[in-house]
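S.K.: So I've got this file, upload_28.txt, and it contains compact mmCIF, C-alpha atoms and all ligand atoms:
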# COMPACT_ATOMS: atom_id res chain seq x y z
CA MET K 1 170.52 -116.22 131.08
CA THR K 2 171.63 -113.27 133.21
CA ARG K 3 173.90 -113.74 136.22
CA SER K 4 170.96 -112.68 138.40
CA GLU K 5 168.74 -115.41 136.93
CA GLU K 6 171.49 -117.98 137.46
CA LEU K 7 171.83 -116.94 141.09
CA PHE K 8 168.09 -116.95 141.70
CA ASN K 9 167.72 -120.38 140.11
CA ARG K 10 170.42 -121.64 142.47
CA ALA K 11 168.59 -120.08 145.42
CA LEU K 12 165.33 -121.74 144.34
CA LYS K 13 166.91 -125.14 144.94
CA LEU K 14 168.23 -124.15 148.34
CA MET K 15 165.54 -122.07 150.03
CA PRO K 16 161.72 -122.20 149.92
CA GLY K 17 160.78 -119.96 147.00
CA GLY K 18 164.43 -118.95 146.73
CA VAL K 19 164.00 -116.32 149.45
CA ASN K 20 164.24 -115.71 153.17
CA SER K 21 161.16 -113.47 153.31
CA PRO K 22 158.14 -114.14 151.06
CA VAL K 23 157.46 -110.78 149.37
CA ARG K 24 160.96 -110.75 147.91
CA ALA K 25 159.90 -113.61 145.61
CA PHE K 26 157.83 -111.40 143.27
CA GLY K 27 154.86 -113.76 143.85
CA SER K 28 152.19 -111.25 142.92
CA VAL K 29 154.03 -109.38 140.16
CA GLY K 30 155.65 -112.42 138.51
CA GLY K 31 159.10 -112.71 136.96
CA THR K 32 162.50 -113.43 138.44
CA PRO K 33 163.68 -111.00 141.12
CA PRO K 34 167.03 -109.38 140.39
CA VAL K 35 169.64 -110.59 142.89
CA MET K 36 171.29 -107.61 144.53
CA VAL K 37 174.98 -107.42 145.35
CA SER K 38 175.47 -103.89 146.66
CA ALA K 39 173.67 -100.71 147.66
CA SER K 40 174.79 -97.11 147.84
CA GLY K 41 172.81 -93.91 148.46
CA PRO K 42 169.51 -94.25 146.54
CA TYR K 43 170.72 -97.14 144.37
CA LEU K 44 170.74 -100.93 144.42
CA THR K 45 173.07 -102.82 142.07
CA ASP K 46 172.26 -106.30 140.84
CA ALA K 47 174.57 -109.19 139.98
CA ASP K 48 174.72 -108.04 136.34
CA GLY K 49 175.93 -104.59 137.34
CA ARG K 50 172.55 -102.91 136.68
CA ASP K 51 171.66 -99.97 138.94
CA TYR K 52 168.13 -99.38 140.19
CA VAL K 53 166.74 -96.37 142.00
CA ASP K 54 165.55 -98.07 145.18
CA LEU K 55 162.07 -97.12 146.37
CA VAL K 56 161.98 -99.97 148.92
CA CYS K 57 164.92 -98.82 151.06
CA SER K 58 165.21 -102.27 152.66
CA TRP K 59 161.47 -101.98 153.52
CA GLY K 60 162.12 -98.87 155.55
CA PRO K 61 165.43 -98.86 157.41
CA ALA K 62 167.56 -96.97 154.85
CA ILE K 63 166.18 -93.53 155.78
CA VAL K 64 169.49 -91.75 155.19
CA GLY K 65 170.27 -93.85 152.11
CA HIS K 66 172.25 -97.03 151.69
CA ALA K 67 175.81 -97.25 152.99
CA HIS K 68 175.67 -93.77 154.55
CA PRO K 69 179.32 -92.85 155.35
CA ALA K 70 178.67 -92.02 159.04
CA VAL K 71 176.75 -95.27 159.55
CA LEU K 72 179.44 -97.36 157.85
CA GLU K 73 182.14 -95.65 159.89
CA ALA K 74 180.31 -96.36 163.16
CA VAL K 75 179.76 -99.99 162.17
CA HIS K 76 183.39 -100.48 161.15
CA ALA K 77 184.57 -99.00 164.46
CA ALA K 78 182.19 -101.28 166.40
CA VAL K 79 183.33 -104.36 164.46
CA ASP K 80 186.91 -103.60 165.45
CA ARG K 81 185.88 -103.74 169.12
CA GLY K 82 184.36 -107.23 168.78
CA LEU K 83 181.11 -108.69 167.49
CA SER K 84 179.02 -109.61 170.51
CA PHE K 85 179.74 -109.58 174.23
CA GLY K 86 176.67 -111.22 175.79
CA ALA K 87 176.85 -108.49 178.43
CA SER K 88 175.73 -104.88 178.84
CA THR K 89 177.37 -102.25 176.64
CA PRO K 90 177.29 -98.44 176.69
CA ALA K 91 175.80 -98.36 173.18
CA GLU K 92 172.51 -99.89 174.37
CA ALA K 93 171.89 -97.02 176.76
CA GLU K 94 172.97 -94.51 174.15
CA LEU K 95 170.42 -95.78 171.61
CA ALA K 96 167.73 -95.99 174.30
CA GLU K 97 168.40 -92.34 175.22
CA LEU K 98 168.13 -91.30 171.57
CA VAL K 99 164.74 -93.04 171.28
CA MET K 100 163.43 -91.59 174.56
CA GLY K 101 164.71 -88.13 173.62
CA ARG K 102 162.45 -88.28 170.57
CA VAL K 103 159.40 -90.17 171.81
CA ALA K 104 158.23 -89.01 175.22
CA ALA K 105 155.81 -91.95 175.65
CA VAL K 106 158.83 -94.23 176.03
CA GLU K 107 159.88 -94.29 179.68
CA ARG K 108 161.68 -97.64 179.42
CA LEU K 109 162.92 -99.56 176.41
CA ARG K 110 163.83 -103.19 175.71
CA MET K 111 165.93 -103.92 172.62
CA VAL K 112 165.19 -107.00 170.55
CA SER K 113 166.31 -108.01 167.06
CA THR K 114 163.15 -107.99 164.89
CA GLY K 115 159.85 -106.19 164.78
CA THR K 116 158.11 -109.53 165.25
CA GLU K 117 159.88 -110.03 168.57
CA ALA K 118 158.92 -106.52 169.64
CA THR K 119 155.20 -106.99 168.99
CA MET K 120 155.23 -110.56 170.33
CA THR K 121 156.76 -109.32 173.57
CA ALA K 122 154.40 -106.35 173.75
CA VAL K 123 151.40 -108.69 173.48
CA ARG K 124 152.79 -111.03 176.15
CA LEU K 125 153.54 -108.07 178.38
CA ALA K 126 150.03 -106.67 177.94
CA ARG K 127 148.59 -110.06 178.90
CA GLY K 128 150.93 -110.37 181.87
CA PHE K 129 150.18 -106.83 183.07
CA THR K 130 146.39 -107.03 182.74
CA GLY K 131 145.92 -110.71 183.53
CA ARG K 132 143.61 -110.95 180.48
CA ASN K 133 143.84 -113.04 177.29
CA LEU K 134 142.14 -111.39 174.32
CA VAL K 135 143.86 -109.04 171.88
CA ILE K 136 142.16 -106.87 169.26
CA LYS K 137 143.92 -106.33 165.95
CA PHE K 138 142.69 -104.72 162.76
CA ALA K 139 142.24 -106.49 159.44
CA GLY K 140 145.03 -105.52 157.05
CA CYS K 141 147.47 -104.52 159.81
CA TYR K 142 150.70 -106.50 159.91
CA HIS K 143 152.61 -106.82 163.14
CA GLY K 144 155.15 -109.49 162.21
CA HIS K 145 154.72 -113.24 161.95
CA LEU K 146 153.75 -114.14 165.53
CA ASP K 147 151.03 -116.80 165.56
CA GLY K 148 148.36 -114.77 167.26
CA LEU K 149 148.46 -111.80 164.89
CA LEU K 150 148.60 -113.50 161.48
CA ALA K 151 144.85 -113.39 160.83
CA SER K 152 143.96 -110.88 158.07
CA ALA K 153 147.49 -109.57 158.36
CA GLY K 154 148.08 -107.67 155.11
CA SER K 155 151.67 -107.49 153.83
CA GLY K 156 152.91 -110.80 152.38
CA LEU K 157 149.67 -112.56 153.32
CA ALA K 158 147.69 -110.05 151.26
CA THR K 159 150.22 -110.37 148.44
CA LEU K 160 149.80 -114.15 148.46
CA ALA K 161 146.02 -113.84 149.05
CA LEU K 162 146.20 -115.87 152.29
CA PRO K 163 143.55 -115.33 155.02
CA GLY K 164 146.00 -116.38 157.72
CA SER K 165 148.68 -118.99 158.21
CA ALA K 166 148.57 -122.76 158.42
CA GLY K 167 150.19 -123.94 161.63
CA VAL K 168 148.38 -121.47 163.87
CA THR K 169 146.20 -123.38 166.32
CA GLU K 170 142.53 -122.58 166.63
CA ALA K 171 143.06 -121.87 170.31
CA THR K 172 145.64 -119.21 169.50
CA ALA K 173 143.55 -117.68 166.72
CA ALA K 174 140.54 -117.55 169.06
CA GLU K 175 142.42 -115.20 171.37
CA THR K 176 142.62 -112.52 168.67
CA LEU K 177 139.58 -110.47 167.71
CA VAL K 178 140.00 -109.06 164.20
CA LEU K 179 138.07 -105.84 163.55
CA PRO K 180 137.72 -103.55 160.53
CA TYR K 181 140.23 -100.68 160.51
CA ASN K 182 139.01 -97.12 161.07
CA ASP K 183 135.81 -98.35 162.74
CA LEU K 184 135.68 -97.13 166.35
CA ALA K 185 132.09 -98.35 166.72
CA ALA K 186 133.29 -101.93 166.13
CA VAL K 187 135.90 -101.44 168.86
CA GLU K 188 133.29 -100.05 171.29
CA GLU K 189 131.07 -103.03 170.53
CA ALA K 190 133.87 -105.56 171.09
CA PHE K 191 134.68 -103.95 174.44
CA ALA K 192 130.99 -103.89 175.40
CA LYS K 193 130.90 -107.66 174.86
CA HIS K 194 134.35 -108.78 175.99
CA GLY K 195 135.78 -105.80 177.90
CA GLN K 196 136.76 -107.79 180.99
CA ASP K 197 138.85 -110.18 178.87
CA ILE K 198 140.65 -107.78 176.51
CA ALA K 199 144.31 -107.24 177.35
CA ALA K 200 145.19 -104.91 174.50
CA VAL K 201 144.39 -103.32 171.20
CA ILE K 202 147.34 -103.43 168.81
CA THR K 203 147.34 -101.15 165.81
CA GLU K 204 149.83 -99.86 163.27
CA ALA K 205 150.30 -96.18 164.06
CA ALA K 206 149.31 -95.69 160.43
CA PRO K 207 148.68 -98.86 158.43
CA ALA K 208 151.18 -99.43 155.63
CA ASN K 209 150.84 -103.16 155.02
CA MET K 210 147.56 -103.09 153.06
CA GLY K 211 149.01 -100.22 151.11
CA VAL K 212 148.98 -97.04 153.15
CA VAL K 213 145.76 -96.09 154.95
CA THR K 214 145.22 -92.79 156.72
CA PRO K 215 143.91 -93.25 160.26
CA ALA K 216 140.58 -91.38 160.39
CA GLU K 217 140.63 -88.20 162.47
CA GLY K 218 140.45 -89.23 166.13
CA PHE K 219 140.76 -92.99 165.46
CA ASN K 220 144.04 -93.55 167.32
CA ALA K 221 143.01 -91.21 170.15
CA GLY K 222 139.69 -93.08 170.32
CA LEU K 223 141.52 -96.39 170.72
CA SER K 224 143.50 -94.88 173.57
CA ARG K 225 140.33 -93.62 175.27
CA ILE K 226 138.45 -96.91 174.91
CA THR K 227 141.35 -99.06 176.10
CA SER K 228 141.99 -96.93 179.15
CA GLU K 229 138.27 -96.84 180.03
CA HIS K 230 138.32 -100.65 180.12
CA GLY K 231 141.69 -101.22 181.79
CA ALA K 232 143.24 -102.58 178.59
CA LEU K 233 146.46 -101.37 176.95
CA LEU K 234 147.02 -99.65 173.62
CA ILE K 235 150.01 -101.09 171.72
CA PHE K 236 151.03 -98.61 169.05
CA ASP K 237 153.09 -100.44 166.44
CA GLU K 238 155.61 -98.00 164.96
CA VAL K 239 157.94 -100.66 163.54
CA LEU K 240 157.40 -99.20 160.09
CA THR K 241 156.40 -95.60 160.84
CA GLY K 242 158.80 -94.98 163.75
CA PHE K 243 161.59 -92.49 162.90
CA ARG K 244 160.43 -92.66 159.26
CA THR K 245 157.24 -90.60 159.16
CA GLY K 246 158.93 -88.01 161.33
CA TYR K 247 161.54 -87.28 163.97
CA ALA K 248 159.22 -88.73 166.64
CA GLY K 249 157.48 -91.22 164.35
CA TYR K 250 153.77 -91.13 163.54
CA TRP K 251 152.85 -90.39 167.14
CA GLY K 252 155.01 -87.27 166.84
CA LEU K 253 153.02 -86.15 163.80
CA THR K 254 149.82 -86.36 165.81
CA GLY K 255 151.20 -84.06 168.51
CA GLY K 256 152.98 -86.72 170.51
CA ALA K 257 156.54 -85.41 170.35
CA ALA K 258 156.10 -84.26 173.93
CA GLN K 259 153.69 -85.50 176.58
CA SER K 260 152.33 -81.97 177.01
CA THR K 261 151.11 -81.75 173.40
CA ALA K 262 150.00 -85.35 172.99
CA PRO K 263 146.28 -85.87 172.44
CA PHE K 264 146.81 -89.43 173.69
CA THR K 265 149.66 -91.58 174.95
CA PRO K 266 150.06 -95.21 173.93
CA ASP K 267 150.81 -97.60 176.78
CA LEU K 268 153.34 -99.54 174.71
CA MET K 269 155.07 -98.78 171.43
CA THR K 270 157.08 -101.01 169.13
CA PHE K 271 159.93 -99.94 166.88
CA GLY K 272 162.08 -101.61 164.23
CA LYS K 273 163.53 -100.91 160.80
CA VAL K 274 164.99 -97.33 161.02
CA ILE K 275 166.01 -97.86 164.65
CA GLY K 276 168.68 -100.29 163.42
CA GLY K 277 169.58 -98.49 160.19
CA GLY K 278 169.79 -101.81 158.32
CA LEU K 279 171.05 -104.11 161.06
CA PRO K 280 168.68 -106.28 163.13
CA VAL K 281 167.38 -103.97 165.85
CA ALA K 282 163.86 -103.53 167.12
CA ALA K 283 162.48 -102.47 170.48
CA LEU K 284 159.43 -102.11 172.63
CA GLY K 285 158.95 -99.29 175.04
CA GLY K 286 156.35 -97.41 177.00
CA ARG K 287 155.04 -96.67 180.46
CA ALA K 288 157.61 -97.59 183.11
CA GLU K 289 154.92 -99.23 185.23
CA VAL K 290 154.07 -101.63 182.38
CA MET K 291 157.62 -102.13 181.09
CA ASP K 292 158.82 -103.05 184.58
CA TYR K 293 156.65 -106.17 184.35
CA LEU K 294 159.42 -107.51 182.07
CA ALA K 295 162.08 -109.84 183.48
CA PRO K 296 164.36 -109.42 185.35
CA VAL K 297 162.26 -106.84 187.26
CA GLY K 298 158.86 -108.41 186.65
CA PRO K 299 157.25 -111.77 185.90
CA VAL K 300 156.93 -111.53 182.08
CA TYR K 301 159.83 -113.37 180.51
CA GLN K 302 161.70 -112.17 177.43
CA ALA K 303 165.34 -112.61 176.41
CA GLY K 304 167.70 -112.65 173.42
CA THR K 305 171.26 -113.87 172.84
CA LEU K 306 171.96 -111.07 170.38
CA SER K 307 169.59 -108.42 171.79
CA GLY K 308 171.36 -105.06 171.96
CA ASN K 309 174.18 -106.37 169.78
CA PRO K 310 176.95 -103.73 169.79
CA ILE K 311 177.34 -103.50 166.01
CA ALA K 312 173.60 -103.22 165.50
CA MET K 313 173.44 -100.56 168.24
CA ALA K 314 176.22 -98.61 166.50
CA ALA K 315 174.27 -98.66 163.21
CA GLY K 316 171.11 -97.52 165.02
CA ILE K 317 172.84 -94.69 166.88
CA ALA K 318 174.55 -93.43 163.72
CA THR K 319 171.33 -93.66 161.70
CA LEU K 320 169.17 -91.82 164.23
CA THR K 321 171.91 -89.21 164.64
CA ALA K 322 172.04 -88.68 160.87
CA ALA K 323 168.23 -88.56 160.65
CA THR K 324 167.90 -84.91 161.66
CA PRO K 325 164.69 -82.85 161.35
CA ASP K 326 166.06 -81.61 157.99
CA VAL K 327 166.12 -85.19 156.71
CA TYR K 328 162.41 -85.56 157.46
CA ALA K 329 161.61 -82.22 155.83
CA GLN K 330 163.48 -83.37 152.73
CA ILE K 331 161.71 -86.76 152.62
CA ASP K 332 158.31 -85.14 153.23
CA ALA K 333 158.86 -82.85 150.23
CA ALA K 334 160.23 -85.64 148.01
CA SER K 335 157.27 -87.85 148.90
CA LEU K 336 154.74 -85.15 147.97
CA GLU K 337 156.53 -84.48 144.71
CA LEU K 338 156.85 -88.15 143.76
CA SER K 339 153.27 -89.06 144.64
CA ALA K 340 152.00 -86.08 142.63
CA ALA K 341 154.10 -87.20 139.64
CA VAL K 342 152.77 -90.76 139.91
CA SER K 343 149.24 -89.44 140.11
CA SER K 344 149.57 -87.18 137.10
CA ALA K 345 151.18 -89.96 135.01
CA LEU K 346 148.25 -92.25 135.91
CA ASP K 347 145.73 -89.48 135.17
CA ALA K 348 147.35 -88.89 131.79
CA ALA K 349 147.02 -92.59 131.01
CA GLY K 350 143.40 -92.60 132.24
CA VAL K 351 144.05 -94.99 135.16
CA ASP K 352 141.63 -94.55 138.04
CA HIS K 353 143.57 -94.55 141.31
CA SER K 354 144.03 -93.00 144.72
CA ILE K 355 147.25 -91.93 146.37
CA GLN K 356 147.14 -93.36 149.85
CA ARG K 357 149.04 -91.22 152.32
CA ALA K 358 150.04 -91.08 155.98
CA GLY K 359 152.68 -88.43 156.59
CA ASN K 360 155.53 -89.04 154.16
CA LEU K 361 154.46 -92.65 153.54
CA PHE K 362 152.42 -93.30 150.46
CA SER K 363 151.23 -96.05 148.16
CA VAL K 364 149.07 -96.20 145.06
CA ALA K 365 145.75 -98.05 144.90
CA PHE K 366 143.98 -98.70 141.62
CA GLY K 367 140.30 -98.17 140.84
CA THR K 368 139.75 -96.55 144.21
CA SER K 369 139.29 -92.86 143.42
CA GLU K 370 135.76 -92.72 144.81
CA HIS K 371 136.70 -92.82 148.47
CA GLY K 372 140.28 -94.14 148.59
CA VAL K 373 141.24 -97.09 150.78
CA ARG K 374 139.89 -96.83 154.31
CA ASN K 375 140.27 -100.44 155.40
CA TYR K 376 141.29 -103.94 154.29
CA GLU K 377 138.05 -104.54 152.40
CA ASP K 378 138.71 -101.47 150.22
CA ALA K 379 142.35 -102.54 149.76
CA GLN K 380 141.37 -106.00 148.60
CA GLY K 381 138.61 -104.65 146.37
CA GLN K 382 140.99 -102.54 144.26
CA GLN K 383 142.17 -103.37 140.72
CA ALA K 384 145.36 -104.96 142.04
CA TYR K 385 146.09 -106.55 138.64
CA ARG K 386 147.16 -103.15 137.31
CA TYR K 387 150.20 -103.12 139.58
CA ALA K 388 152.23 -105.96 137.98
CA PRO K 389 152.58 -104.29 134.55
CA PHE K 390 153.24 -100.94 136.24
CA PHE K 391 155.91 -102.52 138.46
CA HIS K 392 157.67 -104.34 135.60
CA SER K 393 157.75 -101.28 133.38
CA MET K 394 159.41 -99.34 136.21
CA LEU K 395 161.84 -102.20 136.87
CA ASN K 396 162.77 -102.32 133.19
CA ASP K 397 163.55 -98.62 133.37
CA GLY K 398 165.76 -99.11 136.42
CA VAL K 399 163.37 -98.30 139.28
CA TYR K 400 162.92 -100.85 142.07
CA LEU K 401 159.43 -100.56 143.57
CA PRO K 402 157.95 -102.77 146.30
CA PRO K 403 156.89 -105.96 144.47
CA SER K 404 153.33 -105.77 145.80
CA VAL K 405 150.53 -103.24 145.59
CA PHE K 406 149.97 -103.77 149.34
CA GLU K 407 153.29 -102.19 150.34
CA ALA K 408 154.34 -98.58 150.87
CA TRP K 409 156.94 -96.81 148.73
CA PHE K 410 160.02 -95.69 150.65
CA LEU K 411 162.26 -92.70 150.04
CA SER K 412 165.49 -91.65 151.70
CA ALA K 413 167.50 -88.49 152.19
CA ALA K 414 169.88 -89.80 149.52
CA HIS K 415 167.26 -89.67 146.74
CA ASP K 416 168.75 -86.72 144.88
CA THR K 417 167.65 -85.02 141.67
CA ARG K 418 169.54 -87.46 139.47
CA ALA K 419 167.83 -90.46 141.05
CA MET K 420 164.39 -88.85 141.06
CA ASP K 421 164.71 -87.76 137.43
CA LYS K 422 165.22 -91.41 136.52
CA VAL K 423 162.00 -92.27 138.39
CA TYR K 424 160.03 -89.44 136.77
CA ALA K 425 161.23 -90.46 133.32
CA ALA K 426 159.98 -94.01 133.90
CA LEU K 427 156.48 -93.06 135.07
CA PRO K 428 154.61 -92.35 131.79
CA ALA K 429 155.40 -95.78 130.28
CA ALA K 430 154.52 -97.53 133.55
CA ALA K 431 151.21 -95.68 133.73
CA GLU K 432 150.44 -96.73 130.13
CA ALA K 433 151.26 -100.32 131.07
CA ALA K 434 148.86 -100.09 134.04
CA ALA K 435 146.14 -98.77 131.73
CA ALA K 436 146.29 -101.76 129.41
N1 LIG P 501 155.11 -104.32 162.55
C1 LIG P 501 154.98 -103.64 161.40
C2 LIG P 501 154.05 -102.47 161.34
C3 LIG P 501 155.72 -104.02 160.28
O1 LIG P 501 155.57 -103.34 159.13
C4 LIG P 501 156.60 -105.12 160.37
C5 LIG P 501 157.39 -105.55 159.20
O2 LIG P 501 157.22 -105.13 158.10
C6 LIG P 501 156.69 -105.80 161.59
C7 LIG P 501 155.94 -105.38 162.66
C8 LIG P 501 157.60 -106.99 161.73
O3 LIG P 501 158.92 -106.60 161.71
P1 LIG P 501 160.07 -107.66 161.30
O4 LIG P 501 159.91 -107.91 159.84
O5 LIG P 501 161.34 -106.96 161.66
O6 LIG P 501 159.83 -108.87 162.13
Give the structure from the file, written as structure tokens.

M.R.:
Amino acid sequence: MTRSEELFNRALKLMPGGVNSPVRAFGSVGGTPPVMVSASGPYLTDADGRDYVDLVCSWGPAIVGHAHPAVLEAVHAAVDRGLSFGASTPAEAELAELVMGRVAAVERLRMVSTGTEATMTAVRLARGFTGRNLVIKFAGCYHGHLDGLLASAGSGLATLALPGSAGVTEATAAETLVLPYNDLAAVEEAFAKHGQDIAAVITEAAPANMGVVTPAEGFNAGLSRITSEHGALLIFDEVLTGFRTGYAGYWGLTGGAAQSTAPFTPDLMTFGKVIGGGLPVAALGGRAEVMDYLAPVGPVYQAGTLSGNPIAMAAGIATLTAATPDVYAQIDAASLELSAAVSSALDAAGVDHSIQRAGNLFSVAFGTSEHGVRNYEDAQGQQAYRYAPFFHSMLNDGVYLPPSVFEAWFLSAAHDTRAMDKVYAALPAAAEAAAA
């Protein structure tokens, strides 16, 4: 038995499924997950001393690579000043300014610790601001594990083939309308029926939790138009895409880096992952008029003992500072090159597939070449069984992919030629395994 297997077997007795977040358990690909002990640049190292090229990047945060020297230095310096003060610190304002300097739609920001908290607060705020109850979400979009948004939520629920979660009351579920993604007519229809009661539409800026799905031309702008026509809010969830798909996130890619060029402006946005560079930071931001409904200014309550934690802020500031426009250009190019290599390996092995892309985010879907994946129904209809053999072949050859076909692949600025050559060398055998 390897050291990793020993450690995972111990964890199995201590924690449900041996993990603290379900997808880490390899439920849909099978096998025992390697237990990781360190990470550096593009690599993860397991308990047996095996290195893997990491194409998960902590599910997004590690945009400048693991253990980036400037990030570690900032964190070490912050640790030396103390761990948590339970009071305001200069670092909170500094990170807020960095976010607002990149994303003009953010006029005020509230720091929280997880993406789930950010979306949960955004939904509460939208209800408090509009005085309405219903929220529209799209099937296959994941916004964290808040009760109201777990229906047809993609991510780990798709991986485990769950329609929703036990423990969510019918009353809560009834306040969420779940619509097909990329279908503006369905949104128009829902507003025609329930417009007076809809507080918000929440959407991933570009879905990446049913695999990656490209928002149809005009879809996000259409959501903005429909919500504002009906006095509802648009919550643009950039927890995954924010500061990853570009300097100003996915909204930036669609012209939203500055208000003057934006075809639409979300009322609220949520951030996570990259904003904390690997420490627990997330945030919600948006129109000052809406954000000022939050306590202590307004009547919508939200709080957090460790919100704006100084060490986490230091990691976020250093990460965003290191994530320069050049970093995004590099990741964009690496993503195009890698996805093309995956596609040609699959073509050579005769495996029908589509590369699903939104900016520099991509995933692979199997048996979907006809029209790609446009929504959750397409994602679930794919030949998902081809992914497990593909995944394990890559893992065997030292490449750590997301352990589910419903997740995006993540690159970082630290993925150099040596690391990528290892990935390219592993692809033909993995493609053959997927073909079997
Ligand atoms: N929103 C999106 C789009 C996400 O991808 C995620 C997590 O993957 C979340 C929200 C929840 O974030 P967290 O896992 O930090 O609670």

S.K.: Around ligand LIG 501 (chain P), with edges along x, y and z and 4 Å added on all six sides, what centre and edge lengths do you get, in Å to one decimal, as JSON?

M.R.:
{"center_x": 157.7, "center_y": -105.7, "center_z": 160.4, "size_x": 15.3, "size_y": 14.4, "size_z": 12.6}

S.K.: Considering all atoms listed in the file, return as a compact mmCIF listing (two decimals) with C-alpha atoms, in the frame of the given file whatever protein or nucleic-acid residues lie within 6 Å of Thr270 in chain K, sequence-local ones (same chain, fewer than 2 positions apart) excluded.

M.R.:
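Now in selection-v1.txt:
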# COMPACT_ATOMS: atom_id res chain seq x y z
CA ALA K 118 158.92 -106.52 169.64
CA ASP K 237 153.09 -100.44 166.44
CA GLU K 238 155.61 -98.00 164.96
CA VAL K 239 157.94 -100.66 163.54
CA ALA K 283 162.48 -102.47 170.48
CA LEU K 284 159.43 -102.11 172.63

S.K.: Would you tabulate, counting all atoms listed in the file, all residues of chain K that have an atom at most 8 Å from an atom of ligand LIG 501 (chain P), showing the closest pair of atoms and their distance in Å to one decimal, sorted by chain then ascending number, as a tab-separated table?

M.R.:
residue	atom	partner	partner_atom	distance
K:Trp59	CA	P:LIG501	O2	7.0
K:Ser113	CA	P:LIG501	O5	7.4
K:Thr114	CA	P:LIG501	O5	3.8
K:Gly115	CA	P:LIG501	O3	3.2
K:Thr116	CA	P:LIG501	O6	3.6
K:Glu117	CA	P:LIG501	O6	6.5
K:Ala118	CA	P:LIG501	C7	7.7
K:Thr119	CA	P:LIG501	C7	6.6
K:Cys141	CA	P:LIG501	C2	7.1
K:Tyr142	CA	P:LIG501	C1	5.4
K:His143	CA	P:LIG501	N1	3.6
K:Gly144	CA	P:LIG501	C8	3.5
K:His145	CA	P:LIG501	O6	6.7
K:Ser155	CA	P:LIG501	O2	7.4
K:Glu204	CA	P:LIG501	C2	5.3
K:Ala205	CA	P:LIG501	C2	7.8
K:Pro207	CA	P:LIG501	C2	7.1
K:Ala208	CA	P:LIG501	O1	6.8
K:Asn209	CA	P:LIG501	O1	6.3
K:Asp237	CA	P:LIG501	C2	5.6
K:Glu238	CA	P:LIG501	C2	6.0
K:Val239	CA	P:LIG501	C1	4.7
K:Leu240	CA	P:LIG501	O1	4.6
K:Thr241	CA	P:LIG501	C2	7.3
K:Thr270	CA	P:LIG501	N1	7.6
K:Phe271	CA	P:LIG501	N1	7.8
K:Gly272	CA	P:LIG501	O5	6.0
K:Lys273	CA	P:LIG501	O5	6.5
K:Pro280	CA	P:LIG501	O5	7.5
K:Val281	CA	P:LIG501	O5	7.9
K:Ala282	CA	P:LIG501	O5	6.9

S.K.: What does the distance from CA of Pro389 in chain K to CA of Phe406 in chain K come to in Å, to one decimal?

M.R.: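 Taking CA of Pro389 in chain K as the start and CA of Phe406 in chain K as the end point, the length is 15.0 Å.
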
S.K.: Rounded to one decimal place, report the CA of Ala122 in chain K-CA of Ala408 in chain K distance in Å.

M.R.: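 Going from CA of Ala122 in chain K over to CA of Ala408 in chain K, I get 24.2 Å.
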
S.K.: Please measure the separation of CA of Gly381 in chain K and CA of Asp54 in chain K, giving the value in Å to one decimal.

M.R.: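 Separation of CA of Gly381 in chain K and CA of Asp54 in chain K: 27.8 Å.
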
S.K.: Within 6 Å of (148.9, -113.8, 160.0) (coordinates as in the file), grab all the protein and nucleic acid residues, counting only C-alpha atoms, and write them out as a ChimeraX atom specification.

M.R.: /K:149-151,153,164-165

S.K.: Neighbouring residues of Val423 in chain K were defined as those with any atom within 12 Å, considering all atoms listed in the file; residues of the same chain fewer than 5 positions away were excluded. Please report them as a PyMOL selection string.

M.R.: chain K and resi 42-43+52-55+334+337-339+341-342+345+391+393-401+411+415-418+428-430

S.K.: Which is closest to Ala173 in chain K among K:Gly195, K:Met210, K:Val135, K:Phe243, if we use all atoms listed in the file?

M.R.: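 Checking each candidate against Ala173 in chain K, we get K:Val135 as the closest.
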
S.K.: Show which residues sit within 10 Å of range 286-300 of chain K, as a list in words. Count only C-alpha atoms, and ignore same-chain residues fewer than 3 positions away.

M.R.: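 Result of the neighbour search: Met100, Val103, Ala104, Ala105, Val106, Glu107, Arg108, Leu109, Arg110, Thr121, Ala122, Arg124, Leu125, Ala126, Arg127, Gly128, Phe129, Thr130, Leu233, Ile235, Phe236, Thr265, Pro266, Asp267, Leu268, Met269, Thr270 and Ala303 of chain K.
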
S.K.: Let's have the selection written as a short mmCIF file (atom, residue, chain, number, x, y, z; two decimals), in the coordinates of the input, with C-alpha atoms.

M.R.:
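Heads up, here's the output in again_23.cif:
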data_model
loop_
_atom_site.label_atom_id
_atom_site.label_comp_id
_atom_site.auth_asym_id
_atom_site.auth_seq_id
_atom_site.Cartn_x
_atom_site.Cartn_y
_atom_site.Cartn_z
CA MET K 100 163.43 -91.59 174.56
CA VAL K 103 159.40 -90.17 171.81
CA ALA K 104 158.23 -89.01 175.22
CA ALA K 105 155.81 -91.95 175.65
CA VAL K 106 158.83 -94.23 176.03
CA GLU K 107 159.88 -94.29 179.68
CA ARG K 108 161.68 -97.64 179.42
CA LEU K 109 162.92 -99.56 176.41
CA ARG K 110 163.83 -103.19 175.71
CA THR K 121 156.76 -109.32 173.57
CA ALA K 122 154.40 -106.35 173.75
CA ARG K 124 152.79 -111.03 176.15
CA LEU K 125 153.54 -108.07 178.38
CA ALA K 126 150.03 -106.67 177.94
CA ARG K 127 148.59 -110.06 178.90
CA GLY K 128 150.93 -110.37 181.87
CA PHE K 129 150.18 -106.83 183.07
CA THR K 130 146.39 -107.03 182.74
CA LEU K 233 146.46 -101.37 176.95
CA ILE K 235 150.01 -101.09 171.72
CA PHE K 236 151.03 -98.61 169.05
CA THR K 265 149.66 -91.58 174.95
CA PRO K 266 150.06 -95.21 173.93
CA ASP K 267 150.81 -97.60 176.78
CA LEU K 268 153.34 -99.54 174.71
CA MET K 269 155.07 -98.78 171.43
CA THR K 270 157.08 -101.01 169.13
CA ALA K 303 165.34 -112.61 176.41
#
